[in-house]
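Data block below; observations after.
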Amino acid sequence: MEILVCVKRVPDTAENEFELNSVGNDLDRDDLVFSVNEWDNYAVEEAIQIVDNVGGSVTVVTVGDDESEEVLRREMAMGANNGVLLSDDAFEGSDGKGIASILKAEVEKGSYDLILAGAQADEGAGQVAGMLAAMLDLPYASLVNKVEVGEGKVTVGREIEGGNQEMNEIDLPCVLSIQTGINEPRYVGIRGIRKVAKVEIPVRSASDLGVDAAVIGDANAKVKRVDYFVPDLGEGAEMLEGSTDEIIATLIEKLKSKGGL
Amino acid sequence: MTQIFAYIPHQGGVAADISFEFPEAAKKLDAAATLTAVVTGSGADLDKVANSLTSLYAEVIKIDNEALAYPNGEVVRKALVNVLDANAIVLAAHDTFGMDLCPGLSIKMDSAYVADVVEFEGVDGSLLKTVRQELGGAVSTHVTCDIAAGAVITIRPGAFAPVEAGQSGAVADKSADAGDLAGKRRFLEIVEAEVGDVDITKSDVLVSVGRGIEEEDNIEIAQELAEAMHAVVSCSRPIVDAKWLEKSRQVGTSGLTVKPKVYMAMGISGSFQHMGGVKGNPFIVAVNKNPKAPIFQVADVGIVEDILEFMPELTEKVKSL
Ligand SMILES: Cc1cc2nc3c(=O)[nH]c(=O)nc-3n(C[C@H](O)[C@H](O)[C@H](O)COP(=O)(O)OP(=O)(O)OC[C@H]3O[C@@H](n4cnc5c(N)ncnc54)[C@H](O)[C@@H]3O)c2cc1C
């Protein structure tokens, strides 16, 4: 089974306290810590496990800049066989549809049975995998938390509301977006990363890919983020301050009056 | 004139809560637009939903087909592409079905896509200004969307105020226009979530731990606090993903909905999928080491501390009461 997994380098929500820049319209990007999108690690782990069972290979791909290479290497250290970086100034400012169009061009260069992506990334839109599937006219299932490979098809579980699981049968080739919790992504140590440090990662530009110039880049994006801001959501919480002892004393009184103790 | 269609999720003959929220969203999007509810399904359940919607929408389109009996993103998409005007604006819920349906729908309708919108701030020319969140709710963004050739937009459940019934609309049957609904993905069955050893929905006080608990061994610290408070330990999703607690302890849209009196959010950032499971307006105490954590916007009381140090101290004090 030839599997392609789409991954993304994102600001790490566990490692950063996000602040706006001095103008107040963008994130303060100095010293941001980046990592692989959480959901993508589950997608790569799933791909590796499938290949361990039925044979084949795992390729990880990302649309990004030079720095995105590090996330490809990390996923290759997990066990992905190949990495491909899709990078071109012309890609900058692309909306979800633009990114999906770039990925489509790469998919069409290969011959994949299964295309995986994380269910969502830093923007929380969860859009690229579903768009890619529709562009390729391939069947799609989102929020997948179980995959069983069969003959010419896979049985997949989708996680739906309340933690229930919706089982579907889906013809191959297909596109799946993977939900966290489907597996336990393996740990990657510094030694693992070192092992793949020298592996060649091909970089493909817009012209290498032959991607339609009319759908990529900022100029062709129908959807654009104009700024970041901090919403005024009213009062918010009453913040308890002082020494820990004082805070606990106040908290206990409040808990008593609210039925917590 | 702009046409807005609201795709109505439903189950067991009952329209989802968000069907009361679409009219408010549509009004904020474009007060001059026409709004039509669209509902797909099959048989008596579908008729029941369609009829119920006439009190909220002036026009209700129903698409009845065996193949639509269970909502399958691929099949529903085909039906909608065949029935709806290509330049229309389609509103849907940012829920597990909306996430399945809408990205592909936007491609097939050749229209723009914006997901998980929490507010609309008007249209300037053909540019619709929306508000979204990124990075798990840590920041908000303004996003513009060119709606000239139509748009598919999902809205966050609960983000827009529900409207009261007040319409007396009619149902139009567009089943005949749905076209060929054969698909490459087939629904098999629903596997219900497992029931766990404790029922977190029955507890008046929950000590809920998130990724801030850092390690599996630290769960014990929360258990000791819960014991002292005669409470039960619940958690956010990453704790279940890591297999540190059972799925039946997870609060949120893909876990359980709880209605405690007091909710102690310990090291939880406050994503909408998590808070979506906290109902009944409990007294929320948030302890988080990040003063900017979104949870502080929804909590009643906020404390900036390390839970690994704070919880044991609180446990001691509670025990000595
Ligand atoms: C379709 C879908 C469904 C989902 N369903 C659910 C659901 O049902 N329930 C759910 O919870 N999530 C759900 N999620 C995931 C959700 O989006 C968030 O990723 C998740 O809720 C984050 O959990 P968290 O707050 O524990 O972790 P994080 O967002 O990582 O937050 C951890 C917090 O702990 C703080 N912290 C870290 N260390 C300490 C310390 N020592 N002391 C104090 N504070 C500390 C940090 O500042 C941070 O604010 C769903 C996601 C999707 C896409």
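All residue names refer to the structure tokens as shown: chains lettered A, B, ... in order, residues numbered from 1 in each chain, ligands numbered from 1 in order.
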Check: Within 6 Å of ligand 1, counting only C-alpha atoms and all ligand atoms, which protein or nucleic acid residues do you find, written as an MDAnalysis selection string?
Finding: (chainID A and resid 14) or (chainID B and resid 96 136 210:212 236:238 251:255 267:271 273:274 287:290 293 305:308)
Check: Could you pull out the strand (DSSP E) residues of region 55-165 of chain B from DSSP and send them as JSON, numbers by chain?
Finding: {"B": [59, 60, 61, 62, 63, 64, 89, 90, 91, 92, 93, 112, 113, 114, 115, 116, 117, 119, 120, 121, 122, 123, 124, 127, 128, 129, 130, 131, 132, 133, 134, 139, 140, 141, 142, 143, 144, 145, 146, 151, 152, 153, 154, 155]}
Take the residues from that selection and put them in a file with N, CA and C atoms, as a tab-separated table (two decimals), in the first residue's frame.
chain	number	residue	atom	x	y	z
B	59	GLU	N	-39.03	29.27	4.27
B	59	GLU	CA	-39.03	28.21	3.26
B	59	GLU	C	-38.16	27.06	3.73
B	60	VAL	N	-38.67	25.85	3.53
B	60	VAL	CA	-37.93	24.65	3.92
B	60	VAL	C	-37.87	23.72	2.71
B	61	ILE	N	-36.66	23.36	2.30
B	61	ILE	CA	-36.51	22.40	1.21
B	61	ILE	C	-36.21	21.05	1.82
B	62	LYS	N	-36.98	20.04	1.40
B	62	LYS	CA	-36.62	18.69	1.86
B	62	LYS	C	-36.18	17.85	0.67
B	63	ILE	N	-35.17	17.01	0.93
B	63	ILE	CA	-34.69	16.09	-0.09
B	63	ILE	C	-34.76	14.70	0.51
B	64	ASP	N	-35.70	13.91	-0.01
B	64	ASP	CA	-35.98	12.59	0.56
B	64	ASP	C	-35.43	11.51	-0.36
B	89	ILE	N	-25.11	31.01	-0.67
B	89	ILE	CA	-24.30	30.84	0.53
B	89	ILE	C	-24.92	29.71	1.34
B	90	VAL	N	-24.11	28.72	1.64
B	90	VAL	CA	-24.60	27.58	2.42
B	90	VAL	C	-24.04	27.68	3.82
B	91	LEU	N	-24.92	27.66	4.80
B	91	LEU	CA	-24.49	27.62	6.20
B	91	LEU	C	-24.67	26.20	6.72
B	92	ALA	N	-23.69	25.73	7.47
B	92	ALA	CA	-23.81	24.41	8.09
B	92	ALA	C	-23.17	24.49	9.47
B	93	ALA	N	-23.33	23.43	10.25
B	93	ALA	CA	-22.77	23.41	11.60
B	93	ALA	C	-21.32	22.96	11.55
B	112	ALA	N	-16.18	29.73	-2.08
B	112	ALA	CA	-15.22	29.91	-0.99
B	112	ALA	C	-15.66	29.12	0.24
B	113	TYR	N	-14.70	28.78	1.10
B	113	TYR	CA	-15.03	28.03	2.31
B	113	TYR	C	-14.44	28.69	3.55
B	114	VAL	N	-15.28	28.93	4.54
B	114	VAL	CA	-14.78	29.39	5.83
B	114	VAL	C	-15.37	28.48	6.90
B	115	ALA	N	-14.52	27.96	7.76
B	115	ALA	CA	-14.95	26.99	8.77
B	115	ALA	C	-15.01	27.62	10.15
B	116	ASP	N	-15.94	27.15	10.95
B	116	ASP	CA	-15.99	27.45	12.38
B	116	ASP	C	-16.05	28.94	12.67
B	117	VAL	N	-16.99	29.61	12.01
B	117	VAL	CA	-17.16	31.06	12.22
B	117	VAL	C	-17.93	31.30	13.51
B	119	GLU	N	-18.61	34.74	14.44
B	119	GLU	CA	-19.30	36.03	14.32
B	119	GLU	C	-19.18	36.54	12.88
B	120	PHE	N	-20.22	37.25	12.43
B	120	PHE	CA	-20.16	37.93	11.13
B	120	PHE	C	-20.12	39.43	11.39
B	121	GLU	N	-19.28	40.14	10.62
B	121	GLU	CA	-19.17	41.58	10.82
B	121	GLU	C	-19.47	42.37	9.55
B	122	GLY	N	-20.40	41.84	8.73
B	122	GLY	CA	-20.89	42.62	7.60
B	122	GLY	C	-20.21	42.34	6.28
B	123	VAL	N	-20.84	42.82	5.20
B	123	VAL	CA	-20.34	42.60	3.85
B	123	VAL	C	-19.93	43.95	3.26
B	124	ASP	N	-18.72	43.98	2.66
B	124	ASP	CA	-18.24	45.18	2.01
B	124	ASP	C	-17.97	44.80	0.55
B	127	LEU	N	-16.97	41.22	-0.17
B	127	LEU	CA	-16.14	40.65	0.89
B	127	LEU	C	-16.89	40.58	2.22
B	128	LEU	N	-17.13	39.36	2.64
B	128	LEU	CA	-17.79	39.14	3.93
B	128	LEU	C	-16.71	39.06	5.01
B	129	LYS	N	-16.92	39.82	6.09
B	129	LYS	CA	-15.94	39.78	7.19
B	129	LYS	C	-16.45	38.86	8.29
B	130	THR	N	-15.61	37.89	8.65
B	130	THR	CA	-16.01	36.93	9.67
B	130	THR	C	-14.99	36.93	10.82
B	131	VAL	N	-15.41	36.37	11.95
B	131	VAL	CA	-14.49	36.18	13.07
B	131	VAL	C	-14.34	34.68	13.32
B	132	ARG	N	-13.10	34.25	13.48
B	132	ARG	CA	-12.78	32.85	13.78
B	132	ARG	C	-11.78	32.82	14.94
B	133	GLN	N	-11.48	31.64	15.38
B	133	GLN	CA	-10.40	31.48	16.36
B	133	GLN	C	-9.34	30.55	15.79
B	134	GLU	N	-8.13	30.72	16.26
B	134	GLU	CA	-7.04	29.82	15.86
B	134	GLU	C	-6.31	29.33	17.10
B	139	VAL	N	-6.16	32.70	20.13
B	139	VAL	CA	-6.26	33.99	19.44
B	139	VAL	C	-7.49	34.02	18.53
B	140	SER	N	-8.02	35.23	18.33
B	140	SER	CA	-9.11	35.41	17.38
B	140	SER	C	-8.57	36.06	16.12
B	141	THR	N	-9.26	35.85	15.01
B	141	THR	CA	-8.83	36.46	13.75
B	141	THR	C	-10.04	36.98	13.00
B	142	HIS	N	-9.81	38.06	12.23
B	142	HIS	CA	-10.79	38.47	11.23
B	142	HIS	C	-10.40	37.80	9.92
B	143	VAL	N	-11.36	37.20	9.28
B	143	VAL	CA	-11.10	36.53	8.01
B	143	VAL	C	-12.12	37.05	7.01
B	144	THR	N	-11.65	37.52	5.86
B	144	THR	CA	-12.59	37.94	4.83
B	144	THR	C	-12.79	36.82	3.82
B	145	CYS	N	-13.97	36.82	3.23
B	145	CYS	CA	-14.32	35.75	2.30
B	145	CYS	C	-15.04	36.39	1.12
B	146	ASP	N	-14.54	36.15	-0.07
B	146	ASP	CA	-15.18	36.68	-1.27
B	146	ASP	C	-16.37	35.79	-1.63
B	151	ALA	N	-20.54	30.77	-1.26
B	151	ALA	CA	-19.67	30.39	-0.15
B	151	ALA	C	-20.31	29.25	0.64
B	152	VAL	N	-19.46	28.42	1.21
B	152	VAL	CA	-19.90	27.42	2.17
B	152	VAL	C	-19.26	27.83	3.50
B	153	ILE	N	-20.09	28.00	4.51
B	153	ILE	CA	-19.59	28.52	5.78
B	153	ILE	C	-20.13	27.65	6.91
B	154	THR	N	-19.24	27.14	7.76
B	154	THR	CA	-19.75	26.43	8.94
B	154	THR	C	-19.67	27.38	10.14
B	155	ILE	N	-20.68	27.32	10.98
B	155	ILE	CA	-20.70	28.16	12.17
B	155	ILE	C	-20.56	27.29	13.41
Note to self: Can you tell me which residues surround region 93-110 of chain A at a distance of at most 7 Å, considering only C-alpha atoms, apart from same-chain residues fewer than 5 positions away, and format the answer as a list of chain:residue names?
What the structure shows: A:Gln127, A:Val128, A:Met131, A:Leu132, A:Leu209, A:Gly210, A:Val211, A:Val215, A:Ile216, A:Gly217, A:Asp218, A:Ala221, A:Val223, A:Lys224
Checklist line | Polymer residues at most 8 Å from Asp95 (chain B), only C-alpha atoms, same-chain spacing of 5 or more positions, as a PyMOL selection string | finding: (chain A and resi 161) or (chain B and resi 156-157)
Residue subset to file, keeping all heavy atoms, as a PDB file, in the first residue's frame:
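Saved file selection-v1.pdb follows:
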ATOM      1  N   GLU A 161     -20.282  12.819  17.526  1.00  0.00           N
ATOM      2  CA  GLU A 161     -20.643  13.435  18.804  1.00  0.00           C
ATOM      3  C   GLU A 161     -20.845  12.372  19.894  1.00  0.00           C
ATOM      4  O   GLU A 161     -21.343  11.275  19.629  1.00  0.00           O
ATOM      5  CB  GLU A 161     -21.908  14.291  18.652  1.00  0.00           C
ATOM      6  CG  GLU A 161     -21.644  15.712  18.157  1.00  0.00           C
ATOM      7  CD  GLU A 161     -21.219  15.806  16.695  1.00  0.00           C
ATOM      8  OE1 GLU A 161     -21.504  14.882  15.932  1.00  0.00           O
ATOM      9  OE2 GLU A 161     -20.585  16.825  16.327  1.00  0.00           O
TER      10      GLU A 161
ATOM     11  N   ARG B 156     -19.950  27.863  14.432  1.00  0.00           N
ATOM     12  CA  ARG B 156     -19.731  27.117  15.675  1.00  0.00           C
ATOM     13  C   ARG B 156     -21.052  26.958  16.425  1.00  0.00           C
ATOM     14  O   ARG B 156     -21.732  27.962  16.684  1.00  0.00           O
ATOM     15  CB  ARG B 156     -18.715  27.849  16.542  1.00  0.00           C
ATOM     16  CG  ARG B 156     -18.441  27.112  17.837  1.00  0.00           C
ATOM     17  CD  ARG B 156     -17.374  27.786  18.638  1.00  0.00           C
ATOM     18  NE  ARG B 156     -16.084  27.744  17.956  1.00  0.00           N
ATOM     19  CZ  ARG B 156     -14.962  28.228  18.474  1.00  0.00           C
ATOM     20  NH1 ARG B 156     -14.970  28.795  19.662  1.00  0.00           N
ATOM     21  NH2 ARG B 156     -13.829  28.136  17.814  1.00  0.00           N
ATOM     22  N   PRO B 157     -21.417  25.728  16.785  1.00  0.00           N
ATOM     23  CA  PRO B 157     -22.641  25.537  17.569  1.00  0.00           C
ATOM     24  C   PRO B 157     -22.596  26.375  18.847  1.00  0.00           C
ATOM     25  O   PRO B 157     -21.587  26.398  19.546  1.00  0.00           O
ATOM     26  CB  PRO B 157     -22.623  24.041  17.884  1.00  0.00           C
ATOM     27  CG  PRO B 157     -21.810  23.435  16.776  1.00  0.00           C
ATOM     28  CD  PRO B 157     -20.759  24.461  16.443  1.00  0.00           C
TER      29      PRO B 157
END
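CA of Leu101 (chain B) lies 6.4 Å from CA of Arg77 (chain B).
Minimum atom-to-atom distances from B:Asp217, B:Glu309, B:Asp197, B:Glu192 to chain A were compared using only C-alpha atoms, and the lowest value belongs to B:Glu192.
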Note to self: Using Å and a single decimal, report how far CA of Ala149 (chain B) sits from CA of Tyr57 (chain B).
What the structure shows: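 Taking CA of Tyr57 (chain B) and CA of Ala149 (chain B), their separation equals 24.0 Å.
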Margin query: Could you pull out the helix (DSSP H, G or I) residues of region 8-128 of chain A, going by DSSP on the backbone, and write them as a PyMOL selection string?
Written below: chain A and resi 38-54+66-78+89-91+96-109+128
What does the file look like for those residues with C-alpha atoms, as an mmCIF file, in the first residue's frame?
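Done, and the output landed in part_3.cif:
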data_model
loop_
_atom_site.group_PDB
_atom_site.id
_atom_site.type_symbol
_atom_site.label_atom_id
_atom_site.label_comp_id
_atom_site.auth_asym_id
_atom_site.auth_seq_id
_atom_site.Cartn_x
_atom_site.Cartn_y
_atom_site.Cartn_z
ATOM 1 C CA GLU A 38 -0.534 17.241 16.813
ATOM 2 C CA TRP A 39 -3.067 15.452 14.579
ATOM 3 C CA ASP A 40 -0.415 14.711 11.925
ATOM 4 C CA ASN A 41 1.639 12.532 14.250
ATOM 5 C CA TYR A 42 -1.365 10.249 14.615
ATOM 6 C CA ALA A 43 -1.798 10.156 10.818
ATOM 7 C CA VAL A 44 1.865 9.258 10.275
ATOM 8 C CA GLU A 45 1.782 6.612 13.022
ATOM 9 C CA GLU A 46 -1.318 5.060 11.451
ATOM 10 C CA ALA A 47 0.340 5.001 8.030
ATOM 11 C CA ILE A 48 3.459 3.325 9.453
ATOM 12 C CA GLN A 49 1.358 0.691 11.228
ATOM 13 C CA ILE A 50 -0.610 -0.065 8.059
ATOM 14 C CA VAL A 51 2.593 -0.480 6.058
ATOM 15 C CA ASP A 52 4.047 -2.695 8.804
ATOM 16 C CA ASN A 53 1.016 -4.937 8.363
ATOM 17 C CA VAL A 54 0.457 -5.034 4.617
ATOM 18 C CA ASP A 66 12.662 25.804 4.184
ATOM 19 C CA GLU A 67 11.969 25.522 7.883
ATOM 20 C CA SER A 68 9.181 23.047 7.224
ATOM 21 C CA GLU A 69 11.813 20.504 6.296
ATOM 22 C CA GLU A 70 12.352 19.836 10.000
ATOM 23 C CA VAL A 71 8.833 18.443 10.418
ATOM 24 C CA LEU A 72 9.334 16.131 7.445
ATOM 25 C CA ARG A 73 12.536 14.847 9.054
ATOM 26 C CA ARG A 74 10.791 14.317 12.339
ATOM 27 C CA GLU A 75 8.097 12.201 10.667
ATOM 28 C CA MET A 76 10.792 10.309 8.745
ATOM 29 C CA ALA A 77 12.494 9.628 12.058
ATOM 30 C CA MET A 78 9.199 8.070 13.166
ATOM 31 C CA ASP A 89 7.171 31.975 -3.120
ATOM 32 C CA ALA A 90 4.105 31.698 -5.345
ATOM 33 C CA PHE A 91 2.428 29.481 -2.707
ATOM 34 C CA GLY A 96 -7.265 26.212 1.978
ATOM 35 C CA LYS A 97 -8.277 25.636 -1.605
ATOM 36 C CA GLY A 98 -4.881 26.844 -2.806
ATOM 37 C CA ILE A 99 -3.054 24.463 -0.459
ATOM 38 C CA ALA A 100 -5.298 21.584 -1.530
ATOM 39 C CA SER A 101 -4.558 22.418 -5.198
ATOM 40 C CA ILE A 102 -0.804 22.276 -4.567
ATOM 41 C CA LEU A 103 -1.151 18.928 -2.783
ATOM 42 C CA LYS A 104 -3.345 17.632 -5.606
ATOM 43 C CA ALA A 105 -0.572 18.296 -8.104
ATOM 44 C CA GLU A 106 1.846 16.249 -5.977
ATOM 45 C CA VAL A 107 -0.667 13.409 -5.515
ATOM 46 C CA GLU A 108 -1.099 13.177 -9.274
ATOM 47 C CA LYS A 109 2.658 12.739 -9.720
ATOM 48 C CA VAL A 128 -7.560 20.613 3.287
#
Would you kindly return, as a PDB file with N, CA, C and O atoms, in the first residue's frame, each protein, DNA or RNA residue with an atom no farther than 12 Å from any atom of Gly259 (chain A), considering only C-alpha atoms and excluding same-chain residues fewer than 2 positions away?
ATOM      1  N   ILE A 252     -11.790  28.330  49.005  1.00  0.00           N
ATOM      2  CA  ILE A 252     -12.580  27.419  49.841  1.00  0.00           C
ATOM      3  C   ILE A 252     -13.912  28.071  50.231  1.00  0.00           C
ATOM      4  O   ILE A 252     -14.969  27.429  50.187  1.00  0.00           O
ATOM      5  N   GLU A 253     -13.864  29.355  50.587  1.00  0.00           N
ATOM      6  CA  GLU A 253     -15.125  30.045  50.916  1.00  0.00           C
ATOM      7  C   GLU A 253     -16.072  30.029  49.730  1.00  0.00           C
ATOM      8  O   GLU A 253     -17.267  29.775  49.864  1.00  0.00           O
ATOM      9  N   LYS A 254     -15.530  30.309  48.543  1.00  0.00           N
ATOM     10  CA  LYS A 254     -16.367  30.329  47.336  1.00  0.00           C
ATOM     11  C   LYS A 254     -16.929  28.943  47.042  1.00  0.00           C
ATOM     12  O   LYS A 254     -18.099  28.790  46.690  1.00  0.00           O
ATOM     13  N   LEU A 255     -16.075  27.938  47.188  1.00  0.00           N
ATOM     14  CA  LEU A 255     -16.534  26.573  46.914  1.00  0.00           C
ATOM     15  C   LEU A 255     -17.648  26.168  47.876  1.00  0.00           C
ATOM     16  O   LEU A 255     -18.611  25.514  47.489  1.00  0.00           O
ATOM     17  N   LYS A 256     -17.517  26.587  49.120  1.00  0.00           N
ATOM     18  CA  LYS A 256     -18.556  26.269  50.111  1.00  0.00           C
ATOM     19  C   LYS A 256     -19.884  26.871  49.687  1.00  0.00           C
ATOM     20  O   LYS A 256     -20.919  26.227  49.737  1.00  0.00           O
ATOM     21  N   SER A 257     -19.837  28.141  49.240  1.00  0.00           N
ATOM     22  CA  SER A 257     -21.097  28.813  48.916  1.00  0.00           C
ATOM     23  C   SER A 257     -21.700  28.298  47.612  1.00  0.00           C
ATOM     24  O   SER A 257     -22.895  28.431  47.384  1.00  0.00           O
ATOM     25  N   LEU A 261     -18.103  22.215  48.328  1.00  0.00           N
ATOM     26  CA  LEU A 261     -17.556  21.552  49.528  1.00  0.00           C
ATOM     27  C   LEU A 261     -18.661  21.347  50.559  1.00  0.00           C
ATOM     28  O   LEU A 261     -19.568  22.176  50.645  1.00  0.00           O
TER      29      LEU A 261
ATOM     30  N   SER B 203     -22.123  13.422  38.889  1.00  0.00           N
ATOM     31  CA  SER B 203     -21.438  14.069  40.011  1.00  0.00           C
ATOM     32  C   SER B 203     -21.692  15.585  40.032  1.00  0.00           C
ATOM     33  O   SER B 203     -21.651  16.240  38.999  1.00  0.00           O
ATOM     34  N   ASP B 204     -21.944  16.123  41.225  1.00  0.00           N
ATOM     35  CA  ASP B 204     -22.178  17.562  41.371  1.00  0.00           C
ATOM     36  C   ASP B 204     -20.891  18.359  41.297  1.00  0.00           C
ATOM     37  O   ASP B 204     -20.904  19.552  41.019  1.00  0.00           O
ATOM     38  N   VAL B 205     -19.786  17.701  41.616  1.00  0.00           N
ATOM     39  CA  VAL B 205     -18.495  18.388  41.606  1.00  0.00           C
ATOM     40  C   VAL B 205     -17.513  17.563  40.781  1.00  0.00           C
ATOM     41  O   VAL B 205     -17.353  16.362  41.006  1.00  0.00           O
ATOM     42  N   LEU B 206     -16.890  18.207  39.810  1.00  0.00           N
ATOM     43  CA  LEU B 206     -15.908  17.510  38.986  1.00  0.00           C
ATOM     44  C   LEU B 206     -14.544  18.184  39.115  1.00  0.00           C
ATOM     45  O   LEU B 206     -14.435  19.411  39.015  1.00  0.00           O
ATOM     46  N   MET B 229     -12.728  16.360  48.170  1.00  0.00           N
ATOM     47  CA  MET B 229     -13.898  17.199  47.879  1.00  0.00           C
ATOM     48  C   MET B 229     -15.169  16.374  47.649  1.00  0.00           C
ATOM     49  O   MET B 229     -16.208  16.918  47.299  1.00  0.00           O
ATOM     50  N   HIS B 230     -15.090  15.048  47.826  1.00  0.00           N
ATOM     51  CA  HIS B 230     -16.190  14.133  47.488  1.00  0.00           C
ATOM     52  C   HIS B 230     -16.618  14.356  46.049  1.00  0.00           C
ATOM     53  O   HIS B 230     -17.816  14.403  45.735  1.00  0.00           O
ATOM     54  N   ALA B 231     -15.645  14.551  45.186  1.00  0.00           N
ATOM     55  CA  ALA B 231     -15.911  14.812  43.777  1.00  0.00           C
ATOM     56  C   ALA B 231     -15.409  13.634  42.945  1.00  0.00           C
ATOM     57  O   ALA B 231     -14.916  12.642  43.475  1.00  0.00           O
ATOM     58  N   PRO B 260     -22.498  19.706  36.216  1.00  0.00           N
ATOM     59  CA  PRO B 260     -22.222  19.721  37.647  1.00  0.00           C
ATOM     60  C   PRO B 260     -22.591  21.079  38.248  1.00  0.00           C
ATOM     61  O   PRO B 260     -22.928  22.016  37.531  1.00  0.00           O
ATOM     62  N   LYS B 261     -22.489  21.182  39.591  1.00  0.00           N
ATOM     63  CA  LYS B 261     -22.644  22.488  40.244  1.00  0.00           C
ATOM     64  C   LYS B 261     -21.323  23.226  40.192  1.00  0.00           C
ATOM     65  O   LYS B 261     -21.283  24.446  40.055  1.00  0.00           O
ATOM     66  N   VAL B 262     -20.240  22.460  40.359  1.00  0.00           N
ATOM     67  CA  VAL B 262     -18.902  23.064  40.372  1.00  0.00           C
ATOM     68  C   VAL B 262     -18.000  22.291  39.423  1.00  0.00           C
ATOM     69  O   VAL B 262     -17.961  21.049  39.462  1.00  0.00           O
ATOM     70  N   TYR B 263     -17.287  23.031  38.577  1.00  0.00           N
ATOM     71  CA  TYR B 263     -16.371  22.407  37.624  1.00  0.00           C
ATOM     72  C   TYR B 263     -14.981  22.975  37.838  1.00  0.00           C
ATOM     73  O   TYR B 263     -14.748  24.169  37.659  1.00  0.00           O
ATOM     74  N   PRO B 282     -22.401  25.808  35.449  1.00  0.00           N
ATOM     75  CA  PRO B 282     -21.777  25.523  36.738  1.00  0.00           C
ATOM     76  C   PRO B 282     -20.846  26.659  37.167  1.00  0.00           C
ATOM     77  O   PRO B 282     -20.516  27.529  36.366  1.00  0.00           O
ATOM     78  N   PHE B 283     -20.440  26.626  38.422  1.00  0.00           N
ATOM     79  CA  PHE B 283     -19.415  27.534  38.927  1.00  0.00           C
ATOM     80  C   PHE B 283     -18.077  26.951  38.467  1.00  0.00           C
ATOM     81  O   PHE B 283     -17.691  25.853  38.875  1.00  0.00           O
ATOM     82  N   ILE B 284     -17.385  27.680  37.589  1.00  0.00           N
ATOM     83  CA  ILE B 284     -16.150  27.133  37.008  1.00  0.00           C
ATOM     84  C   ILE B 284     -14.923  27.765  37.647  1.00  0.00           C
ATOM     85  O   ILE B 284     -14.778  28.987  37.668  1.00  0.00           O
TER      86      ILE B 284
END
Please produce, as a tab-separated table, a per-residue contact table for chain A versus chain B (criterion: any atom at most 7 Å away, only C-alpha atoms considered), showing the nearest atom pair and its distance in Å to one decimal, sorted by chain then residue number.
residue	atom	partner	partner_atom	distance
A:Thr13	CA	B:Leu135	CA	6.4
A:Glu17	CA	B:Asn290	CA	7.0
A:Phe18	CA	B:Ala138	CA	6.8
A:Asp122	CA	B:Leu135	CA	4.9
A:Glu123	CA	B:Glu134	CA	4.6
A:Gly124	CA	B:Glu134	CA	6.0
A:Ala125	CA	B:Ala115	CA	5.1
A:Gly126	CA	B:Met99	CA	6.8
A:Gln127	CA	B:Pro103	CA	5.2
A:Gly130	CA	B:Pro103	CA	5.1
A:Met131	CA	B:Gly104	CA	4.7
A:Ala134	CA	B:Gly104	CA	4.9
A:Met135	CA	B:Ile107	CA	6.8
A:Pro139	CA	B:Lys184	CA	5.8
A:Ala141	CA	B:Asp100	CA	6.5
A:Ser142	CA	B:Asp100	CA	5.3
A:Ile160	CA	B:Thr96	CA	5.6
A:Glu161	CA	B:Ser254	CA	4.7
A:Gly162	CA	B:Ser254	CA	4.6
A:Gly163	CA	B:Ser254	CA	4.5
A:Asn164	CA	B:Ala193	CA	4.7
A:Gln165	CA	B:Val191	CA	5.0
A:Glu166	CA	B:Ile190	CA	4.6
A:Met167	CA	B:Glu189	CA	5.3
A:Asn168	CA	B:Phe187	CA	4.5
A:Glu169	CA	B:Arg186	CA	5.1
A:Ile170	CA	B:Arg185	CA	4.2
A:Asp171	CA	B:Lys184	CA	5.6
A:Thr180	CA	B:Asp241	CA	6.4
A:Gly181	CA	B:Asp241	CA	4.1
A:Lys222	CA	B:Asp146	CA	5.1
A:Val223	CA	B:Cys145	CA	4.4
A:Lys224	CA	B:Thr144	CA	5.3
A:Arg225	CA	B:Val143	CA	4.2
A:Val226	CA	B:His142	CA	5.6
A:Asp227	CA	B:His142	CA	5.5
A:Tyr228	CA	B:Thr141	CA	4.3
A:Phe229	CA	B:Ser140	CA	5.3
A:Val230	CA	B:Ser140	CA	6.0
A:Pro231	CA	B:Ser140	CA	6.6
A:Leu233	CA	B:Gln297	CA	6.8
A:Gly236	CA	B:Gln297	CA	4.2
A:Ala237	CA	B:Asp300	CA	4.5
A:Glu238	CA	B:Val301	CA	4.7
A:Met239	CA	B:Gly302	CA	4.5
A:Leu240	CA	B:Ile303	CA	5.5
A:Ile248	CA	B:Leu314	CA	6.3
A:Lys258	CA	B:Phe283	CA	6.9
A:Gly259	CA	B:Lys261	CA	6.6
A:Gly260	CA	B:Val262	CA	5.6
A:Leu261	CA	B:Met229	CA	5.9
Item checked: Atomic distance CA of Asp85 (chain B) - CA of Ser42 (chain B), expressed in Å with one decimal -> 22.3 Å
Check: In terms of the shortest atom-to-atom distance over only C-alpha atoms, which of B:Gly158, B:Gly125, B:Gly43, B:Pro9 is closest to Pro71 (chain B)?
Finding: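 Nearest to Pro71 (chain B): B:Pro9.
Among B:Met109, B:Leu35, B:Val171, B:Ala182, the residue with the shortest atom-to-atom distance to Asn65 (chain B), counting only C-alpha atoms, is B:Ala182.
For Ile8 (chain B), the non-local neighbours within 10 Å, defined as residues at least 3 positions apart in the same chain or in other chains and counting only C-alpha atoms, are Phe5, Ala15, Ala16, Asp17, Ile18, Ser19, Phe20, Phe22, Ala37, Val38, Val39, Thr40, Val49, Ala50, Leu53, Val60, Leu91, Ala92, Ala93 and Gly98 of chain B.
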